[in-house]
Amino acid sequence: MSDGRTAEIMIAEARKAFWVMVGFLGLIWIVQIVNWAAGYGLSYSYGIRSWQLDGLPGIVSAPFLHWSWEHIEGNSGPLFIFGFLAAYRGVKKFFGVTALIAVTSGLGAWFTAAPSTVGAGASGLVFGYFGYILVRGAFDRHLIDIVIGVVMGLCFAYQFTGLLPAEGIGWQAHLFGFVGGIAGGYLFRDRRAVASSGPPAASRGRDSASPGSTGDSRSALLKEIEDLGL
């Protein structure tokens, strides 16, 4: 695939990622208005109620619900930034990563939070996307994503404090969401290099070389550069 075609695909995916996150943020803000008008009854009714079987469906609905305007405001910025960076390489893969993070974060909170605790908020996704972009570059061998992960880790280092036990916050959802994001980086890694590699060629001896060996070496080098995202 030519460099121009690859750039066009990446720009198209980045555009999709932008609008997906705009749509998601718009949706949770609309839900917040309804939830606020109902006295946050939606959060109590459809949040994750730990250790209760009827609270398990909250794993799906809880990320759309919040407990206050400050809660949703605090989540919105990081959610958009991390979500966009998680999605710009491919929206289809992003949806799979999101599902994994939501299930891991929700189940983790359901199992480990105090009995009858009700959890809600998109922060599990925030920490999941954060973990995902930290490790994706290493698993995919894309240099640009490695740089993005390092920069995000340095700029948002304070986020790591949200993984520690604390009163009044759903740190369990944060922690398990982060773990889910790291797992997503591995499970949804780019397998192009593995799929395209064939069995090793038989040895011809130290000083022998086929007429096309120079071209093959050059092609292999270019393929490696492409895999690194350069």
# chains A, B, ... in the order shown; residues from 1 in each chain; ligands from 1
$ residues_around --residues "range 72-85 of chain A" --least-positions-apart "6" --cutoff "10 Å" --atoms "only C-alpha atoms" --output "ChimeraX atom specification"
/A:14-22,24-26,28-29,32,64-66,91,94,98,121-133,145,148-149,152,156,159
$ residues_around --residues "Gly41 in chain A" --least-positions-apart "6" --cutoff "12 Å" --atoms "only C-alpha atoms" --output "PyMOL selection string"
chain A and resi 31-35+47+65-68+118+120
$ select_by_dssp --residues "range 8-121 of chain A" --states "strand (DSSP E or B)" --output "PyMOL selection string"
chain A and resi 48-49+118-119
$ atom_distance --atom1 "CA of Ala113 in chain A" --atom2 "CA of Ser50 in chain A"
6.1 Å
$ select_by_dssp --residues "range 84-126 of chain A" --states "alpha helix (DSSP H)" --output "ChimeraX atom specification"
/A:84-87,91-112,123-126
$ closest_residue --among "A:Trp69, A:Leu53, A:Tyr88, A:Lys93" --to "Tyr40 in chain A" --atoms "only C-alpha atoms"
A:Trp69
$ atom_distance --atom1 "CA of Pro63 in chain A" --atom2 "CA of Leu154 in chain A"
25.8 Å
$ decode --residues "range 117-156 of chain A" --atoms "N, CA and C atoms" --output "tab-separated table (two decimals), in the first residue's frame"
chain	number	residue	atom	x	y	z
A	117	THR	N	-23.02	-1.11	47.25
A	117	THR	CA	-22.53	0.16	46.71
A	117	THR	C	-23.03	0.33	45.28
A	118	VAL	N	-23.40	1.54	44.92
A	118	VAL	CA	-23.85	1.83	43.56
A	118	VAL	C	-22.79	2.69	42.88
A	119	GLY	N	-22.26	2.20	41.77
A	119	GLY	CA	-21.23	2.93	41.04
A	119	GLY	C	-21.74	3.39	39.68
A	120	ALA	N	-21.31	4.59	39.28
A	120	ALA	CA	-21.69	5.12	37.98
A	120	ALA	C	-20.61	6.10	37.54
A	121	GLY	N	-20.53	6.30	36.22
A	121	GLY	CA	-19.56	7.25	35.69
A	121	GLY	C	-18.71	6.64	34.59
A	122	ALA	N	-18.16	7.50	33.76
A	122	ALA	CA	-17.34	7.06	32.63
A	122	ALA	C	-15.86	6.95	32.99
A	123	SER	N	-15.52	7.12	34.26
A	123	SER	CA	-14.10	7.13	34.63
A	123	SER	C	-13.43	5.78	34.41
A	124	GLY	N	-14.19	4.69	34.47
A	124	GLY	CA	-13.60	3.39	34.16
A	124	GLY	C	-13.11	3.34	32.72
A	125	LEU	N	-13.90	3.92	31.81
A	125	LEU	CA	-13.47	4.01	30.42
A	125	LEU	C	-12.28	4.94	30.27
A	126	VAL	N	-12.29	6.05	31.01
A	126	VAL	CA	-11.18	7.00	30.94
A	126	VAL	C	-9.87	6.32	31.29
A	127	PHE	N	-9.85	5.61	32.40
A	127	PHE	CA	-8.63	4.94	32.82
A	127	PHE	C	-8.30	3.77	31.90
A	128	GLY	N	-9.31	3.12	31.34
A	128	GLY	CA	-9.05	2.05	30.38
A	128	GLY	C	-8.40	2.57	29.12
A	129	TYR	N	-8.92	3.65	28.55
A	129	TYR	CA	-8.31	4.24	27.36
A	129	TYR	C	-6.89	4.72	27.67
A	130	PHE	N	-6.71	5.26	28.87
A	130	PHE	CA	-5.38	5.73	29.28
A	130	PHE	C	-4.39	4.57	29.28
A	131	GLY	N	-4.77	3.46	29.89
A	131	GLY	CA	-3.89	2.29	29.90
A	131	GLY	C	-3.63	1.77	28.50
A	132	TYR	N	-4.66	1.80	27.66
A	132	TYR	CA	-4.54	1.29	26.30
A	132	TYR	C	-3.54	2.09	25.48
A	133	ILE	N	-3.62	3.42	25.53
A	133	ILE	CA	-2.70	4.21	24.72
A	133	ILE	C	-1.28	4.19	25.28
A	134	LEU	N	-1.14	3.87	26.57
A	134	LEU	CA	0.21	3.76	27.13
A	134	LEU	C	0.97	2.57	26.55
A	135	VAL	N	0.25	1.47	26.27
A	135	VAL	CA	0.93	0.23	25.86
A	135	VAL	C	0.73	-0.12	24.40
A	136	ARG	N	-0.23	0.51	23.72
A	136	ARG	CA	-0.54	0.11	22.34
A	136	ARG	C	0.67	0.19	21.42
A	137	GLY	N	1.44	1.26	21.53
A	137	GLY	CA	2.59	1.42	20.65
A	137	GLY	C	3.60	0.30	20.80
A	138	ALA	N	3.82	-0.14	22.04
A	138	ALA	CA	4.78	-1.22	22.28
A	138	ALA	C	4.29	-2.53	21.68
A	139	PHE	N	3.00	-2.83	21.81
A	139	PHE	CA	2.46	-4.07	21.27
A	139	PHE	C	2.35	-4.02	19.74
A	140	ASP	N	2.01	-2.85	19.19
A	140	ASP	CA	1.85	-2.72	17.74
A	140	ASP	C	3.15	-2.42	17.02
A	141	ARG	N	4.18	-2.04	17.77
A	141	ARG	CA	5.46	-1.63	17.20
A	141	ARG	C	5.30	-0.43	16.26
A	142	HIS	N	4.48	0.53	16.67
A	142	HIS	CA	4.31	1.78	15.96
A	142	HIS	C	5.01	2.88	16.75
A	143	LEU	N	6.04	3.46	16.15
A	143	LEU	CA	6.84	4.44	16.87
A	143	LEU	C	6.01	5.64	17.30
A	144	ILE	N	5.13	6.11	16.42
A	144	ILE	CA	4.33	7.29	16.75
A	144	ILE	C	3.43	7.01	17.95
A	145	ASP	N	2.91	5.79	18.06
A	145	ASP	CA	2.04	5.46	19.20
A	145	ASP	C	2.86	5.28	20.48
A	146	ILE	N	4.10	4.84	20.34
A	146	ILE	CA	4.98	4.78	21.51
A	146	ILE	C	5.22	6.18	22.06
A	147	VAL	N	5.49	7.12	21.13
A	147	VAL	CA	5.71	8.51	21.54
A	147	VAL	C	4.45	9.09	22.19
A	148	ILE	N	3.29	8.82	21.58
A	148	ILE	CA	2.03	9.31	22.16
A	148	ILE	C	1.83	8.75	23.56
A	149	GLY	N	2.11	7.47	23.74
A	149	GLY	CA	1.96	6.86	25.06
A	149	GLY	C	2.87	7.50	26.10
A	150	VAL	N	4.12	7.75	25.73
A	150	VAL	CA	5.06	8.37	26.66
A	150	VAL	C	4.61	9.79	27.01
A	151	VAL	N	4.22	10.55	26.00
A	151	VAL	CA	3.79	11.93	26.23
A	151	VAL	C	2.55	11.98	27.11
A	152	MET	N	1.56	11.13	26.82
A	152	MET	CA	0.34	11.09	27.63
A	152	MET	C	0.64	10.64	29.06
A	153	GLY	N	1.56	9.68	29.21
A	153	GLY	CA	1.92	9.23	30.54
A	153	GLY	C	2.56	10.33	31.37
A	154	LEU	N	3.37	11.17	30.72
A	154	LEU	CA	4.02	12.27	31.43
A	154	LEU	C	3.05	13.41	31.71
A	155	CYS	N	2.22	13.75	30.71
A	155	CYS	CA	1.29	14.88	30.88
A	155	CYS	C	0.17	14.57	31.85
A	156	PHE	N	-0.24	13.30	31.92
A	156	PHE	CA	-1.37	12.93	32.77
A	156	PHE	C	-0.93	11.97	33.87
